[in-house]
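Student: Next up, upload15.cif (mmCIF, C-alpha atoms and all ligand atoms; chains and numbers go by the auth columns).
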```cif
data_start
#
loop_
_atom_site.group_PDB
_atom_site.id
_atom_site.type_symbol
_atom_site.label_atom_id
_atom_site.label_comp_id
_atom_site.label_asym_id
_atom_site.label_seq_id
_atom_site.Cartn_x
_atom_site.Cartn_y
_atom_site.Cartn_z
_atom_site.B_iso_or_equiv
_atom_site.auth_seq_id
_atom_site.auth_asym_id
ATOM 1 C CA MET A 1 10.924 -7.038 5.778 0.00 1 A
ATOM 2 C CA ILE A 2 9.372 -3.614 5.600 0.00 2 A
ATOM 3 C CA ILE A 3 6.655 -1.925 7.665 0.00 3 A
ATOM 4 C CA ALA A 4 4.660 0.769 5.873 0.00 4 A
ATOM 5 C CA PRO A 5 2.598 2.777 8.370 0.00 5 A
ATOM 6 C CA SER A 6 -0.549 4.205 6.796 0.00 6 A
ATOM 7 C CA VAL A 7 -1.015 7.918 7.422 0.00 7 A
ATOM 8 C CA LEU A 8 -4.763 7.326 7.058 0.00 8 A
ATOM 9 C CA SER A 9 -4.655 6.580 10.790 0.00 9 A
ATOM 10 C CA ALA A 10 -2.478 9.599 11.650 0.00 10 A
ATOM 11 C CA ASP A 11 -3.830 12.746 13.316 0.00 11 A
ATOM 12 C CA PHE A 12 -4.499 14.959 10.278 0.00 12 A
ATOM 13 C CA ALA A 13 -4.373 18.090 12.429 0.00 13 A
ATOM 14 C CA ASN A 14 -0.891 17.061 13.606 0.00 14 A
ATOM 15 C CA LEU A 15 0.396 15.497 10.439 0.00 15 A
ATOM 16 C CA GLN A 16 3.878 17.000 10.631 0.00 16 A
ATOM 17 C CA ARG A 17 4.295 15.668 14.174 0.00 17 A
ATOM 18 C CA ASP A 18 3.194 12.197 13.069 0.00 18 A
ATOM 19 C CA ILE A 19 5.445 12.208 9.984 0.00 19 A
ATOM 20 C CA GLU A 20 8.400 13.234 12.166 0.00 20 A
ATOM 21 C CA MET A 21 7.617 10.280 14.431 0.00 21 A
ATOM 22 C CA LEU A 22 7.709 7.994 11.363 0.00 22 A
ATOM 23 C CA ASN A 23 10.998 9.591 10.288 0.00 23 A
ATOM 24 C CA ARG A 24 12.555 8.596 13.639 0.00 24 A
ATOM 25 C CA SER A 25 11.081 5.104 13.423 0.00 25 A
ATOM 26 C CA LYS A 26 12.320 1.914 11.749 0.00 26 A
ATOM 27 C CA ALA A 27 9.548 2.108 9.127 0.00 27 A
ATOM 28 C CA ALA A 28 11.216 2.233 5.696 0.00 28 A
ATOM 29 C CA TRP A 29 8.065 3.170 3.781 0.00 29 A
ATOM 30 C CA ILE A 30 5.120 5.534 4.333 0.00 30 A
ATOM 31 C CA HIS A 31 1.804 4.269 2.963 0.00 31 A
ATOM 32 C CA ILE A 32 -0.454 6.941 1.450 0.00 32 A
ATOM 33 C CA ASP A 33 -4.133 5.913 1.120 0.00 33 A
ATOM 34 C CA VAL A 34 -5.928 8.004 -1.500 0.00 34 A
ATOM 35 C CA MET A 35 -9.736 7.508 -1.623 0.00 35 A
ATOM 36 C CA ASP A 36 -12.208 9.185 -3.940 0.00 36 A
ATOM 37 C CA GLY A 37 -15.635 8.285 -2.524 0.00 37 A
ATOM 38 C CA VAL A 38 -16.434 6.485 -5.811 0.00 38 A
ATOM 39 C CA PHE A 39 -14.169 3.455 -6.029 0.00 39 A
ATOM 40 C CA VAL A 40 -14.447 3.128 -2.238 0.00 40 A
ATOM 41 C CA PRO A 41 -17.169 4.455 0.095 0.00 41 A
ATOM 42 C CA ASN A 42 -14.904 6.992 1.791 0.00 42 A
ATOM 43 C CA ILE A 43 -12.863 10.100 0.934 0.00 43 A
ATOM 44 C CA SER A 44 -9.408 10.586 2.464 0.00 44 A
ATOM 45 C CA PHE A 45 -7.011 13.042 0.826 0.00 45 A
ATOM 46 C CA GLY A 46 -5.244 13.557 -2.470 0.00 46 A
ATOM 47 C CA ILE A 47 -2.403 15.279 -4.272 0.00 47 A
ATOM 48 C CA PRO A 48 -1.769 18.380 -2.077 0.00 48 A
ATOM 49 C CA VAL A 49 -1.606 16.341 1.146 0.00 49 A
ATOM 50 C CA THR A 50 0.721 13.812 -0.510 0.00 50 A
ATOM 51 C CA ALA A 51 3.002 16.685 -1.584 0.00 51 A
ATOM 52 C CA ALA A 52 2.885 18.165 1.928 0.00 52 A
ATOM 53 C CA ILE A 53 3.950 14.829 3.468 0.00 53 A
ATOM 54 C CA LYS A 54 6.808 14.521 0.974 0.00 54 A
ATOM 55 C CA LYS A 55 8.222 17.857 2.152 0.00 55 A
ATOM 56 C CA HIS A 56 8.742 16.423 5.632 0.00 56 A
ATOM 57 C CA THR A 57 10.168 12.988 4.894 0.00 57 A
ATOM 58 C CA THR A 58 12.829 11.130 2.968 0.00 58 A
ATOM 59 C CA LYS A 59 11.094 7.781 3.512 0.00 59 A
ATOM 60 C CA PHE A 60 9.911 5.782 0.488 0.00 60 A
ATOM 61 C CA MET A 61 6.453 7.099 -0.493 0.00 61 A
ATOM 62 C CA ASP A 62 4.108 4.180 -1.243 0.00 62 A
ATOM 63 C CA VAL A 63 0.947 5.615 -2.820 0.00 63 A
ATOM 64 C CA HIS A 64 -2.168 3.401 -2.877 0.00 64 A
ATOM 65 C CA LEU A 65 -4.769 4.855 -5.245 0.00 65 A
ATOM 66 C CA MET A 66 -8.313 3.766 -4.362 0.00 66 A
ATOM 67 C CA ILE A 67 -9.798 5.882 -7.133 0.00 67 A
ATOM 68 C CA VAL A 68 -11.530 5.409 -10.467 0.00 68 A
ATOM 69 C CA GLN A 69 -9.588 6.390 -13.594 0.00 69 A
ATOM 70 C CA PRO A 70 -6.239 6.448 -11.769 0.00 70 A
ATOM 71 C CA GLU A 71 -4.425 6.861 -15.110 0.00 71 A
ATOM 72 C CA LYS A 72 -5.530 10.513 -15.102 0.00 72 A
ATOM 73 C CA TYR A 73 -3.543 11.310 -11.965 0.00 73 A
ATOM 74 C CA LEU A 74 -0.333 9.273 -12.253 0.00 74 A
ATOM 75 C CA GLN A 75 1.958 12.157 -13.191 0.00 75 A
ATOM 76 C CA ALA A 76 0.400 14.398 -10.525 0.00 76 A
ATOM 77 C CA PHE A 77 1.097 11.860 -7.781 0.00 77 A
ATOM 78 C CA ARG A 78 4.609 11.321 -9.098 0.00 78 A
ATOM 79 C CA ASN A 79 5.170 15.082 -9.005 0.00 79 A
ATOM 80 C CA ALA A 80 3.788 15.091 -5.455 0.00 80 A
ATOM 81 C CA GLY A 81 6.552 12.689 -4.418 0.00 81 A
ATOM 82 C CA ALA A 82 5.319 9.132 -5.020 0.00 82 A
ATOM 83 C CA ASP A 83 8.155 6.597 -5.261 0.00 83 A
ATOM 84 C CA LEU A 84 5.702 3.793 -6.013 0.00 84 A
ATOM 85 C CA ILE A 85 2.154 4.078 -7.345 0.00 85 A
ATOM 86 C CA SER A 86 -0.316 1.212 -6.988 0.00 86 A
ATOM 87 C CA VAL A 87 -3.617 1.043 -8.866 0.00 87 A
ATOM 88 C CA HIS A 88 -6.480 -1.349 -8.287 0.00 88 A
ATOM 89 C CA TYR A 89 -6.975 -4.149 -10.795 0.00 89 A
ATOM 90 C CA GLU A 90 -10.724 -3.550 -10.367 0.00 90 A
ATOM 91 C CA ALA A 91 -10.464 0.150 -11.253 0.00 91 A
ATOM 92 C CA VAL A 92 -8.505 -0.103 -14.499 0.00 92 A
ATOM 93 C CA THR A 93 -9.728 -1.363 -17.878 0.00 93 A
ATOM 94 C CA HIS A 94 -6.396 -1.190 -19.713 0.00 94 A
ATOM 95 C CA LEU A 95 -4.061 -2.476 -17.021 0.00 95 A
ATOM 96 C CA ASP A 96 -1.025 -3.201 -19.204 0.00 96 A
ATOM 97 C CA SER A 97 -1.111 0.356 -20.519 0.00 97 A
ATOM 98 C CA CYS A 98 -1.601 1.810 -17.039 0.00 98 A
ATOM 99 C CA ILE A 99 1.412 -0.083 -15.651 0.00 99 A
ATOM 100 C CA HIS A 100 3.587 1.288 -18.454 0.00 100 A
ATOM 101 C CA ARG A 101 2.277 4.784 -17.799 0.00 101 A
ATOM 102 C CA ILE A 102 3.196 4.549 -14.123 0.00 102 A
ATOM 103 C CA LYS A 103 6.733 3.515 -15.085 0.00 103 A
ATOM 104 C CA ALA A 104 6.968 6.340 -17.621 0.00 104 A
ATOM 105 C CA THR A 105 6.543 8.821 -14.764 0.00 105 A
ATOM 106 C CA GLY A 106 9.664 7.341 -13.135 0.00 106 A
ATOM 107 C CA ALA A 107 7.742 5.739 -10.272 0.00 107 A
ATOM 108 C CA GLN A 108 7.682 2.038 -9.471 0.00 108 A
ATOM 109 C CA ALA A 109 4.450 0.268 -10.434 0.00 109 A
ATOM 110 C CA GLY A 110 2.112 -1.787 -8.263 0.00 110 A
ATOM 111 C CA VAL A 111 -1.226 -3.494 -8.758 0.00 111 A
ATOM 112 C CA VAL A 112 -3.697 -4.035 -5.908 0.00 112 A
ATOM 113 C CA LEU A 113 -6.165 -6.914 -5.625 0.00 113 A
ATOM 114 C CA ASN A 114 -9.367 -6.613 -3.602 0.00 114 A
ATOM 115 C CA PRO A 115 -10.105 -9.575 -1.335 0.00 115 A
ATOM 116 C CA ALA A 116 -12.457 -11.220 -3.849 0.00 116 A
ATOM 117 C CA THR A 117 -10.129 -10.832 -6.855 0.00 117 A
ATOM 118 C CA PRO A 118 -8.090 -13.988 -7.501 0.00 118 A
ATOM 119 C CA VAL A 119 -4.312 -13.827 -7.846 0.00 119 A
ATOM 120 C CA HIS A 120 -4.234 -15.555 -11.244 0.00 120 A
ATOM 121 C CA VAL A 121 -5.509 -12.401 -13.021 0.00 121 A
ATOM 122 C CA LEU A 122 -1.944 -11.068 -12.690 0.00 122 A
ATOM 123 C CA LYS A 123 -0.337 -13.992 -14.522 0.00 123 A
ATOM 124 C CA ASP A 124 0.507 -12.060 -17.712 0.00 124 A
ATOM 125 C CA VAL A 125 1.544 -8.737 -16.164 0.00 125 A
ATOM 126 C CA ILE A 126 3.551 -10.029 -13.211 0.00 126 A
ATOM 127 C CA PRO A 127 6.924 -9.577 -14.997 0.00 127 A
ATOM 128 C CA LEU A 128 6.121 -5.866 -15.413 0.00 128 A
ATOM 129 C CA LEU A 129 5.382 -5.217 -11.750 0.00 129 A
ATOM 130 C CA ASP A 130 7.464 -3.869 -8.884 0.00 130 A
ATOM 131 C CA LEU A 131 4.745 -4.662 -6.333 0.00 131 A
ATOM 132 C CA VAL A 132 1.626 -6.753 -5.838 0.00 132 A
ATOM 133 C CA LEU A 133 -0.589 -5.442 -3.036 0.00 133 A
ATOM 134 C CA ILE A 134 -2.967 -7.969 -1.503 0.00 134 A
ATOM 135 C CA MET A 135 -5.903 -6.344 0.304 0.00 135 A
ATOM 136 C CA SER A 136 -6.734 -8.141 3.519 0.00 136 A
ATOM 137 C CA VAL A 137 -9.804 -5.950 4.140 0.00 137 A
ATOM 138 C CA ASN A 138 -12.313 -4.422 1.737 0.00 138 A
ATOM 139 C CA PRO A 139 -10.716 -1.048 1.017 0.00 139 A
ATOM 140 C CA GLY A 140 -12.213 2.181 2.325 0.00 140 A
ATOM 141 C CA PHE A 141 -11.515 2.367 6.038 0.00 141 A
ATOM 142 C CA GLY A 142 -8.727 1.861 8.524 0.00 142 A
ATOM 143 C CA GLY A 143 -9.171 -0.305 11.598 0.00 143 A
ATOM 144 C CA GLN A 144 -11.044 -3.208 9.961 0.00 144 A
ATOM 145 C CA LYS A 145 -10.735 -6.894 10.769 0.00 145 A
ATOM 146 C CA PHE A 146 -8.172 -8.974 8.848 0.00 146 A
ATOM 147 C CA ILE A 147 -9.677 -11.403 6.301 0.00 147 A
ATOM 148 C CA PRO A 148 -7.883 -14.729 6.973 0.00 148 A
ATOM 149 C CA TYR A 149 -7.860 -16.078 3.385 0.00 149 A
ATOM 150 C CA ALA A 150 -5.536 -13.212 2.409 0.00 150 A
ATOM 151 C CA THR A 151 -2.624 -15.253 3.791 0.00 151 A
ATOM 152 C CA GLN A 152 -3.237 -17.999 1.219 0.00 152 A
ATOM 153 C CA LYS A 153 -3.355 -15.343 -1.504 0.00 153 A
ATOM 154 C CA VAL A 154 0.068 -14.097 -0.404 0.00 154 A
ATOM 155 C CA ALA A 155 1.424 -17.634 -0.812 0.00 155 A
ATOM 156 C CA GLU A 156 -0.183 -17.911 -4.272 0.00 156 A
ATOM 157 C CA THR A 157 1.326 -14.562 -5.253 0.00 157 A
ATOM 158 C CA LYS A 158 4.743 -15.687 -4.049 0.00 158 A
ATOM 159 C CA ALA A 159 4.459 -18.824 -6.196 0.00 159 A
ATOM 160 C CA LEU A 160 3.418 -16.783 -9.234 0.00 160 A
ATOM 161 C CA ILE A 161 6.345 -14.378 -8.755 0.00 161 A
ATOM 162 C CA THR A 162 8.836 -17.213 -8.332 0.00 162 A
ATOM 163 C CA ALA A 163 7.526 -19.092 -11.385 0.00 163 A
ATOM 164 C CA SER A 164 7.689 -16.000 -13.590 0.00 164 A
ATOM 165 C CA GLY A 165 11.095 -14.788 -12.435 0.00 165 A
ATOM 166 C CA SER A 166 9.527 -11.428 -11.554 0.00 166 A
ATOM 167 C CA SER A 167 11.236 -9.277 -8.927 0.00 167 A
ATOM 168 C CA ALA A 168 7.942 -7.874 -7.624 0.00 168 A
ATOM 169 C CA LYS A 169 7.573 -7.385 -3.885 0.00 169 A
ATOM 170 C CA ILE A 170 4.428 -8.503 -2.063 0.00 170 A
ATOM 171 C CA GLU A 171 2.620 -6.064 0.240 0.00 171 A
ATOM 172 C CA VAL A 172 -0.368 -6.779 2.480 0.00 172 A
ATOM 173 C CA ASP A 173 -2.818 -4.070 3.527 0.00 173 A
ATOM 174 C CA GLY A 174 -5.621 -4.155 6.089 0.00 174 A
ATOM 175 C CA GLY A 175 -5.985 -5.381 9.646 0.00 175 A
ATOM 176 C CA VAL A 176 -2.276 -6.173 10.006 0.00 176 A
ATOM 177 C CA SER A 177 -1.218 -6.575 13.642 0.00 177 A
ATOM 178 C CA LEU A 178 1.166 -8.464 15.908 0.00 178 A
ATOM 179 C CA SER A 179 -1.226 -11.424 15.698 0.00 179 A
ATOM 180 C CA ASN A 180 -0.871 -11.995 11.935 0.00 180 A
ATOM 181 C CA ALA A 181 2.425 -10.344 10.879 0.00 181 A
ATOM 182 C CA ARG A 182 4.489 -13.527 11.330 0.00 182 A
ATOM 183 C CA GLU A 183 2.170 -15.701 9.216 0.00 183 A
ATOM 184 C CA LEU A 184 2.177 -13.039 6.472 0.00 184 A
ATOM 185 C CA PHE A 185 5.981 -12.767 6.371 0.00 185 A
ATOM 186 C CA ASN A 186 6.174 -16.573 6.378 0.00 186 A
ATOM 187 C CA ALA A 187 3.752 -16.748 3.437 0.00 187 A
ATOM 188 C CA GLY A 188 6.028 -14.474 1.406 0.00 188 A
ATOM 189 C CA ALA A 189 5.039 -10.891 2.237 0.00 189 A
ATOM 190 C CA ASP A 190 7.855 -8.331 1.959 0.00 190 A
ATOM 191 C CA VAL A 191 5.924 -5.255 3.115 0.00 191 A
ATOM 192 C CA LEU A 192 3.158 -4.968 5.705 0.00 192 A
ATOM 193 C CA VAL A 193 0.949 -1.882 5.866 0.00 193 A
ATOM 194 C CA ALA A 194 -0.132 -0.984 9.383 0.00 194 A
ATOM 195 C CA GLY A 195 -2.475 1.878 10.187 0.00 195 A
ATOM 196 C CA ASN A 196 -4.488 1.273 13.292 0.00 196 A
ATOM 197 C CA ALA A 197 -1.916 -1.093 14.822 0.00 197 A
ATOM 198 C CA VAL A 198 0.744 1.635 14.746 0.00 198 A
ATOM 199 C CA PHE A 199 -1.186 4.828 15.385 0.00 199 A
ATOM 200 C CA SER A 200 -3.459 3.515 18.134 0.00 200 A
ATOM 201 C CA ALA A 201 -0.519 1.965 19.995 0.00 201 A
ATOM 202 C CA PRO A 202 0.607 3.828 23.133 0.00 202 A
ATOM 203 C CA ASP A 203 4.110 3.937 21.624 0.00 203 A
ATOM 204 C CA PRO A 204 3.849 3.852 17.800 0.00 204 A
ATOM 205 C CA GLU A 205 7.632 3.720 17.245 0.00 205 A
ATOM 206 C CA ALA A 206 7.921 0.724 19.557 0.00 206 A
ATOM 207 C CA MET A 207 5.005 -0.981 17.765 0.00 207 A
ATOM 208 C CA ILE A 208 6.832 -0.625 14.432 0.00 208 A
ATOM 209 C CA GLU A 209 9.872 -2.330 15.986 0.00 209 A
ATOM 210 C CA LYS A 210 7.673 -5.090 17.395 0.00 210 A
ATOM 211 C CA LEU A 211 6.060 -5.711 14.002 0.00 211 A
ATOM 212 C CA LEU A 212 9.531 -6.001 12.455 0.00 212 A
ATOM 213 C CA ALA A 213 10.621 -8.434 15.145 0.00 213 A
ATOM 214 C CA VAL A 214 7.676 -10.892 15.087 0.00 214 A
HETATM 215 C C1 LIG B . -7.830 0.441 3.606 0.00 1 B
HETATM 216 C C2 LIG B . -6.472 1.097 3.422 0.00 1 B
HETATM 217 C C3 LIG B . -5.472 0.603 4.391 0.00 1 B
HETATM 218 C C4 LIG B . -5.820 0.886 5.796 0.00 1 B
HETATM 219 C C5 LIG B . -4.955 0.066 6.695 0.00 1 B
HETATM 220 O O1 LIG B . -8.691 0.924 2.651 0.00 1 B
HETATM 221 O O2 LIG B . -5.968 0.814 2.135 0.00 1 B
HETATM 222 O O3 LIG B . -4.177 1.058 4.089 0.00 1 B
HETATM 223 O O4 LIG B . -5.705 2.226 6.129 0.00 1 B
HETATM 224 O O5 LIG B . -5.334 0.370 7.964 0.00 1 B
HETATM 225 P P1 LIG B . -5.400 -0.699 9.119 0.00 1 B
HETATM 226 O O6 LIG B . -4.005 -1.187 9.336 0.00 1 B
HETATM 227 O O7 LIG B . -5.936 0.107 10.253 0.00 1 B
HETATM 228 O O8 LIG B . -6.336 -1.800 8.683 0.00 1 B
HETATM 229 ZN ZN ZN B . -3.721 1.133 1.659 0.00 2 B
#
```
How does this structure look as structure tokens?
Ligand code: DX5
Ligand code: ZN

Tutor:
Amino acid sequence: MIIAPSVLSADFANLQRDIEMLNRSKAAWIHIDVMDGVFVPNISFGIPVTAAIKKHTTKFMDVHLMIVQPEKYLQAFRNAGADLISVHYEAVTHLDSCIHRIKATGAQAGVVLNPATPVHVLKDVIPLLDLVLIMSVNPGFGGQKFIPYATQKVAETKALITASGSSAKIEVDGGVSLSNARELFNAGADVLVAGNAVFSAPDPEAMIEKLLAV
């Protein structure tokens, strides 16, 4: 079980302080939410901020690209320190090619499904993947309400992975909290992203431990 705090909810004017907090914490991954204002209705940060975070951490850098034409920027995010790069199914026309291009950079490859995208679209590429990311909110903003049917999608993804013999991990992103973490792990999730739940907690490090102990 892995918790991946999203720096989208960090204090951008105190990013080094917040990354150092994550370094001390039991979070194994750091989740990097890149938004372009086109694929999603919000702009966050991009390559230079990702590279700046990398300088201050040895944690696994989990980069979630919420951008159109992600294939243009794969090598740049790898150079900026991404250990895993996830692209949205909905943003990529030639998904098989894009997955291979992520792997060619040396990064692990993930595919993200929006809430309304069914799991079965991954049937043919699942053996290629290191990660399937199930969105449990519509992407674009931190602090949104968890969409309950995401839990069923995690179970469907787990079944697909088991049937195909894939070694892909399952990650869930959006509205994760102490109230749904247990059901998500039970359904087959390996990694839970947590933005608001961690950074708005009075003691973020303790919240990470609580999420791991649900
Ligand atoms: C949503 C992002 C998420 C988000 C998670 O577009 O992909 O990673 O920041 O934040 P919380 O945990 O606050 O929903
Ligand atoms: Zn994300």

Student: Could you list the protein, DNA and RNA residues that have any atom within 8 Å of ligand LIG 1 (chain B), counting all atoms listed in the file, and write them as a ChimeraX atom specification?

Tutor: /A:5-9,31-33,35,40,64,66,135,137-146,173-177,193-198

Student: Would you write out, as JSON, numbers by chain, every residue that the PyMOL selection byres (((chain A and resi 154) around 8) and not hetatm) captures in this file?

Tutor: {"A": [134, 150, 151, 152, 153, 155, 156, 157, 158, 170, 172, 184, 187, 188, 189]}

Student: For the residues selected in the previous step, produce a file with C-alpha atoms as a PDB file, keeping the file's coordinate frame.

Tutor:
```pdb
ATOM      1  CA  ILE A 134      -2.967  -7.969  -1.503  1.00  0.00           C
ATOM      2  CA  ALA A 150      -5.536 -13.212   2.409  1.00  0.00           C
ATOM      3  CA  THR A 151      -2.624 -15.253   3.791  1.00  0.00           C
ATOM      4  CA  GLN A 152      -3.237 -17.999   1.219  1.00  0.00           C
ATOM      5  CA  LYS A 153      -3.355 -15.343  -1.504  1.00  0.00           C
ATOM      6  CA  ALA A 155       1.424 -17.634  -0.812  1.00  0.00           C
ATOM      7  CA  GLU A 156      -0.183 -17.911  -4.272  1.00  0.00           C
ATOM      8  CA  THR A 157       1.326 -14.562  -5.253  1.00  0.00           C
ATOM      9  CA  LYS A 158       4.743 -15.687  -4.049  1.00  0.00           C
ATOM     10  CA  ILE A 170       4.428  -8.503  -2.063  1.00  0.00           C
ATOM     11  CA  VAL A 172      -0.368  -6.779   2.480  1.00  0.00           C
ATOM     12  CA  LEU A 184       2.177 -13.039   6.472  1.00  0.00           C
ATOM     13  CA  ALA A 187       3.752 -16.748   3.437  1.00  0.00           C
ATOM     14  CA  GLY A 188       6.028 -14.474   1.406  1.00  0.00           C
ATOM     15  CA  ALA A 189       5.039 -10.891   2.237  1.00  0.00           C
TER      16      ALA A 189
END
```

Student: Taking 2 positions as the minimum chain separation for residues in the same chain, which residues sit within 8 Å of segment 105-114 of chain A when counting all atoms listed in the file? Answer as JSON, numbers by chain.

Tutor: {"A": [74, 75, 78, 82, 83, 84, 85, 86, 87, 88, 89, 90, 99, 101, 102, 103, 116, 117, 118, 119, 129, 130, 131, 132, 133, 134, 135, 136, 137, 138, 139]}

Student: I need the residue nearest ligand ZN 2 (chain B) from this list: A:Ala28, A:Met1, A:Leu65, A:Ala51. Use all atoms listed in the file for the distance.

Tutor: A:Leu65

Student: Can you measure atom CA of Ala10 of chain A to atom CA of Lys26 of chain A for me? One decimal in Å is fine.

Tutor: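 Atom CA of Ala10 of chain A sits 16.7 Å away from atom CA of Lys26 of chain A.
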
Student: Restricting the calculation to only C-alpha atoms and all ligand atoms: of A:Leu95, A:Ile47, A:Ile3, A:Val34, which residue gets closest to ligand ZN 2 (chain B)?

Tutor: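 Checking each of A:Leu95, A:Ile47, A:Ile3, A:Val34 against ligand ZN 2 (chain B), counting only C-alpha atoms and all ligand atoms, the winner is A:Val34.
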
Student: Rounded to one decimal place, report the atom CA of Asp203 of chain A-atom CA of Asp11 of chain A distance in Å.

Tutor: 14.5 Å

Student: Determine the nearest neighbour of ligand ZN 2 (chain B) from the options A:Ala206, A:Ala213, A:Met21, A:Ile67, counting all atoms listed in the file.

Tutor: A:Ile67

Student: What does the structure give for the distance between atom CA of Asp96 of chain A and atom CA of Val121 of chain A, in Å to one decimal?

Tutor: 12.0 Å

Student: Can you tell me which residues surround Ile19 of chain A at a distance of at most 9 Å, considering all atoms listed in the file, apart from same-chain residues fewer than 5 positions away, and format the answer as a list in words?

Tutor: Val7, Ala10, Asn14, Arg24, Ile30, Ile53, His56 and Thr57 of chain A

Student: Please determine the residues with any atom at most 6 Å from (-8.4, 10.4, -0.8) (coordinates as given in the file, with only C-alpha atoms counting) and report them as a PyMOL selection string.

Tutor: chain A and resi 34-36+43-46

Student: With C-alpha atoms kept, could you save the residues just selected as an mmCIF file, in the coordinates of the input?

Tutor:
```
data_model
loop_
_atom_site.group_PDB
_atom_site.id
_atom_site.type_symbol
_atom_site.label_atom_id
_atom_site.label_comp_id
_atom_site.auth_asym_id
_atom_site.auth_seq_id
_atom_site.Cartn_x
_atom_site.Cartn_y
_atom_site.Cartn_z
ATOM 1 C CA VAL A 34 -5.928 8.004 -1.500
ATOM 2 C CA MET A 35 -9.736 7.508 -1.623
ATOM 3 C CA ASP A 36 -12.208 9.185 -3.940
ATOM 4 C CA ILE A 43 -12.863 10.100 0.934
ATOM 5 C CA SER A 44 -9.408 10.586 2.464
ATOM 6 C CA PHE A 45 -7.011 13.042 0.826
ATOM 7 C CA GLY A 46 -5.244 13.557 -2.470
#
```

Student: For His100 of chain A, which of A:Leu192, A:Leu128, A:Ala27, A:Ala201 is the closest residue, counting only C-alpha atoms?

Tutor: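 Closest to His100 of chain A of all the choices is A:Leu128.
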
Student: Which residues, written as a list in words, have at least one atom at most 10 Å from Pro48 of chain A, with all atoms listed in the file counted and residues fewer than 5 positions away on the same chain left out?

Tutor: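 My list of contacting residues is Ile53, Lys54, Ala76, Phe77 and Ala80 of chain A.
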
Student: Just say which residues the PyMOL selection byres (((chain A and resi 211) around 8) and not hetatm) picks in this file, as a list in words.

Tutor: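 Taken over the shown coordinates, the PyMOL selection byres (((chain A and resi 211) around 8) and not hetatm) returns Ile3, Ser177, Leu178, Ala181, Met207, Ile208, Glu209, Lys210, Leu212, Ala213 and Val214 of chain A.
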
Student: Report, as AutoDock Vina command-line options, the centre and edge lengths in Å (one decimal) of the axis-aligned box enclosing every listed atom of segment 24-42 of chain A, padded by 3 Å on each side.

Tutor:
```
--center_x -2.3 --center_y 5.5 --center_z 3.8 --size_x 35.7 --size_y 13.3 --size_z 25.7
```
